[in-house]
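Engineer: The structure is given below, and queries will be raised subsequently.
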Amino acid sequence: MSFLNSSVECADPDTIRLIALKMKETGADIHAIGDGGFGGCSSPKNVYQLSVSLKGENYTWFRMATTNR
């Protein structure tokens with residue numbers, strides 16, 4: 001398990017991409033992004049970038065388009 005925390009979740013999407021690739025290199029199978037952003041949540045752009053960097057665009061769009069039941 002790896003965490004993207006300590007106010008790094010508020011960084012620009014390019015930094016999120018680089019960190020996500022490093023997280024993937026470590027072999028972690030569970031990834032978490034913190035809630036230290038403005039208003040107590042991460043930027044949607046950064047959550048999207050983390051997902052695209054880890055799983056790819058097709059999988060990210062598929063998960064966004066389907067219901068989670």
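Every chain in the structure tokens has a letter given in the order shown (A, B, ...), and although residue numbers restart at 1 in each chain, ligands are simply numbered from 1 in the order shown.
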Could you pull out all residues of chain A with a DSSP call of strand (DSSP E) and give them as number ranges by chain?
Structural biologist: A: 2-4, 31-33
Engineer: Can I get the selected residues back with C-alpha atoms, as an mmCIF file, in the first residue's frame?
Structural biologist:
data_model
loop_
_atom_site.group_PDB
_atom_site.id
_atom_site.type_symbol
_atom_site.label_atom_id
_atom_site.label_comp_id
_atom_site.auth_asym_id
_atom_site.auth_seq_id
_atom_site.Cartn_x
_atom_site.Cartn_y
_atom_site.Cartn_z
ATOM 1 C CA SER A 2 1.301 3.453 -0.822
ATOM 2 C CA PHE A 3 -0.009 6.865 0.126
ATOM 3 C CA LEU A 4 0.210 10.200 -1.664
ATOM 4 C CA HIS A 31 -2.777 3.452 -3.781
ATOM 5 C CA ALA A 32 -4.352 6.213 -1.710
ATOM 6 C CA ILE A 33 -4.433 9.960 -2.237
#
Engineer: Just list as a PyMOL selection string whatever in chain A DSSP marks as helix (DSSP H, G or I).
Structural biologist: chain A and resi 8-10+13-25+38-40+44-55+57-65
Engineer: Produce a file of the selected residues containing N, CA and C atoms, as a short mmCIF file (atom, residue, chain, number, x, y, z; two decimals), in the first residue's frame.
Structural biologist:
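And here is the file that came out, out_0.cif:
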data_model
loop_
_atom_site.label_atom_id
_atom_site.label_comp_id
_atom_site.auth_asym_id
_atom_site.auth_seq_id
_atom_site.Cartn_x
_atom_site.Cartn_y
_atom_site.Cartn_z
N VAL A 8 1.21 16.84 -0.63
CA VAL A 8 1.71 16.62 -1.99
C VAL A 8 0.53 16.46 -2.95
N GLU A 9 -0.62 16.05 -2.43
CA GLU A 9 -1.79 15.86 -3.29
C GLU A 9 -2.29 17.16 -3.89
N CYS A 10 -1.75 18.29 -3.42
CA CYS A 10 -2.12 19.60 -3.98
C CYS A 10 -1.14 20.06 -5.06
N PRO A 13 -0.46 18.50 -11.73
CA PRO A 13 -0.67 17.15 -12.27
C PRO A 13 0.61 16.47 -12.79
N ASP A 14 1.58 17.23 -13.28
CA ASP A 14 2.82 16.61 -13.74
C ASP A 14 3.58 15.96 -12.58
N THR A 15 3.58 16.62 -11.43
CA THR A 15 4.23 16.06 -10.25
C THR A 15 3.48 14.83 -9.77
N ILE A 16 2.18 14.88 -9.81
CA ILE A 16 1.36 13.71 -9.43
C ILE A 16 1.68 12.54 -10.34
N ARG A 17 1.84 12.80 -11.62
CA ARG A 17 2.18 11.73 -12.57
C ARG A 17 3.52 11.09 -12.23
N LEU A 18 4.53 11.91 -11.96
CA LEU A 18 5.85 11.37 -11.63
C LEU A 18 5.82 10.56 -10.34
N ILE A 19 5.12 11.06 -9.33
CA ILE A 19 5.03 10.33 -8.07
C ILE A 19 4.26 9.03 -8.26
N ALA A 20 3.19 9.06 -9.05
CA ALA A 20 2.40 7.84 -9.30
C ALA A 20 3.24 6.78 -9.99
N LEU A 21 4.08 7.18 -10.91
CA LEU A 21 4.95 6.21 -11.58
C LEU A 21 5.96 5.61 -10.61
N LYS A 22 6.47 6.42 -9.69
CA LYS A 22 7.39 5.91 -8.67
C LYS A 22 6.65 4.96 -7.72
N MET A 23 5.40 5.29 -7.38
CA MET A 23 4.60 4.41 -6.54
C MET A 23 4.38 3.06 -7.23
N LYS A 24 4.16 3.11 -8.53
CA LYS A 24 3.94 1.89 -9.30
C LYS A 24 5.21 1.05 -9.37
N GLU A 25 6.37 1.72 -9.46
CA GLU A 25 7.64 1.01 -9.52
C GLU A 25 7.92 0.22 -8.25
N PHE A 38 -7.64 21.96 -0.70
CA PHE A 38 -8.56 23.02 -0.32
C PHE A 38 -9.94 22.42 -0.04
N GLY A 39 -10.49 22.74 1.09
CA GLY A 39 -11.82 22.23 1.44
C GLY A 39 -11.80 20.80 1.92
N GLY A 40 -10.64 20.23 2.23
CA GLY A 40 -10.56 18.88 2.75
C GLY A 40 -10.63 17.78 1.72
N PRO A 44 -9.79 17.32 -8.18
CA PRO A 44 -10.25 16.28 -9.11
C PRO A 44 -9.25 16.03 -10.25
N LYS A 45 -8.53 17.08 -10.66
CA LYS A 45 -7.52 16.90 -11.71
C LYS A 45 -6.42 15.96 -11.23
N ASN A 46 -6.06 16.06 -9.96
CA ASN A 46 -5.00 15.20 -9.44
C ASN A 46 -5.47 13.77 -9.22
N VAL A 47 -6.70 13.59 -8.81
CA VAL A 47 -7.25 12.24 -8.69
C VAL A 47 -7.32 11.59 -10.06
N TYR A 48 -7.76 12.34 -11.05
CA TYR A 48 -7.81 11.84 -12.42
C TYR A 48 -6.40 11.49 -12.92
N GLN A 49 -5.44 12.38 -12.68
CA GLN A 49 -4.06 12.14 -13.14
C GLN A 49 -3.47 10.91 -12.47
N LEU A 50 -3.74 10.72 -11.19
CA LEU A 50 -3.24 9.54 -10.49
C LEU A 50 -3.81 8.27 -11.11
N SER A 51 -5.10 8.28 -11.41
CA SER A 51 -5.72 7.10 -12.01
C SER A 51 -5.18 6.83 -13.41
N VAL A 52 -5.03 7.87 -14.22
CA VAL A 52 -4.51 7.68 -15.57
C VAL A 52 -3.07 7.17 -15.52
N SER A 53 -2.28 7.70 -14.61
CA SER A 53 -0.88 7.28 -14.51
C SER A 53 -0.74 5.84 -14.06
N LEU A 54 -1.63 5.38 -13.19
CA LEU A 54 -1.52 4.03 -12.66
C LEU A 54 -2.21 2.99 -13.53
N LYS A 55 -3.37 3.31 -14.05
CA LYS A 55 -4.18 2.30 -14.75
C LYS A 55 -4.36 2.56 -16.25
N GLU A 57 -5.71 5.46 -19.47
CA GLU A 57 -6.88 6.28 -19.76
C GLU A 57 -8.13 5.46 -20.03
N ASN A 58 -8.00 4.35 -20.76
CA ASN A 58 -9.19 3.54 -21.07
C ASN A 58 -9.85 3.00 -19.80
N TYR A 59 -9.05 2.46 -18.87
CA TYR A 59 -9.60 1.94 -17.63
C TYR A 59 -10.22 3.06 -16.80
N THR A 60 -9.55 4.21 -16.74
CA THR A 60 -10.06 5.33 -15.96
C THR A 60 -11.41 5.78 -16.49
N TRP A 61 -11.52 5.94 -17.78
CA TRP A 61 -12.81 6.37 -18.37
C TRP A 61 -13.88 5.31 -18.17
N PHE A 62 -13.52 4.03 -18.25
CA PHE A 62 -14.48 2.95 -18.03
C PHE A 62 -15.03 3.02 -16.61
N ARG A 63 -14.13 3.19 -15.62
CA ARG A 63 -14.58 3.26 -14.23
C ARG A 63 -15.40 4.51 -13.95
N MET A 64 -15.10 5.60 -14.64
CA MET A 64 -15.87 6.83 -14.45
C MET A 64 -17.25 6.70 -15.06
N ALA A 65 -17.40 5.89 -16.10
CA ALA A 65 -18.66 5.79 -16.82
C ALA A 65 -19.62 4.74 -16.26
#
Engineer: Rounded to one decimal in Å, what is the spacing between atom CA of Gly36 of chain A and atom CA of Ser7 of chain A?
Structural biologist: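 We find that atom CA of Gly36 of chain A and atom CA of Ser7 of chain A lie 5.3 Å from each other.
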Engineer: How many Å lie between atom CA of Gly56 of chain A and atom CA of Ala28 of chain A, rounded to one decimal?
Structural biologist: 16.2 Å
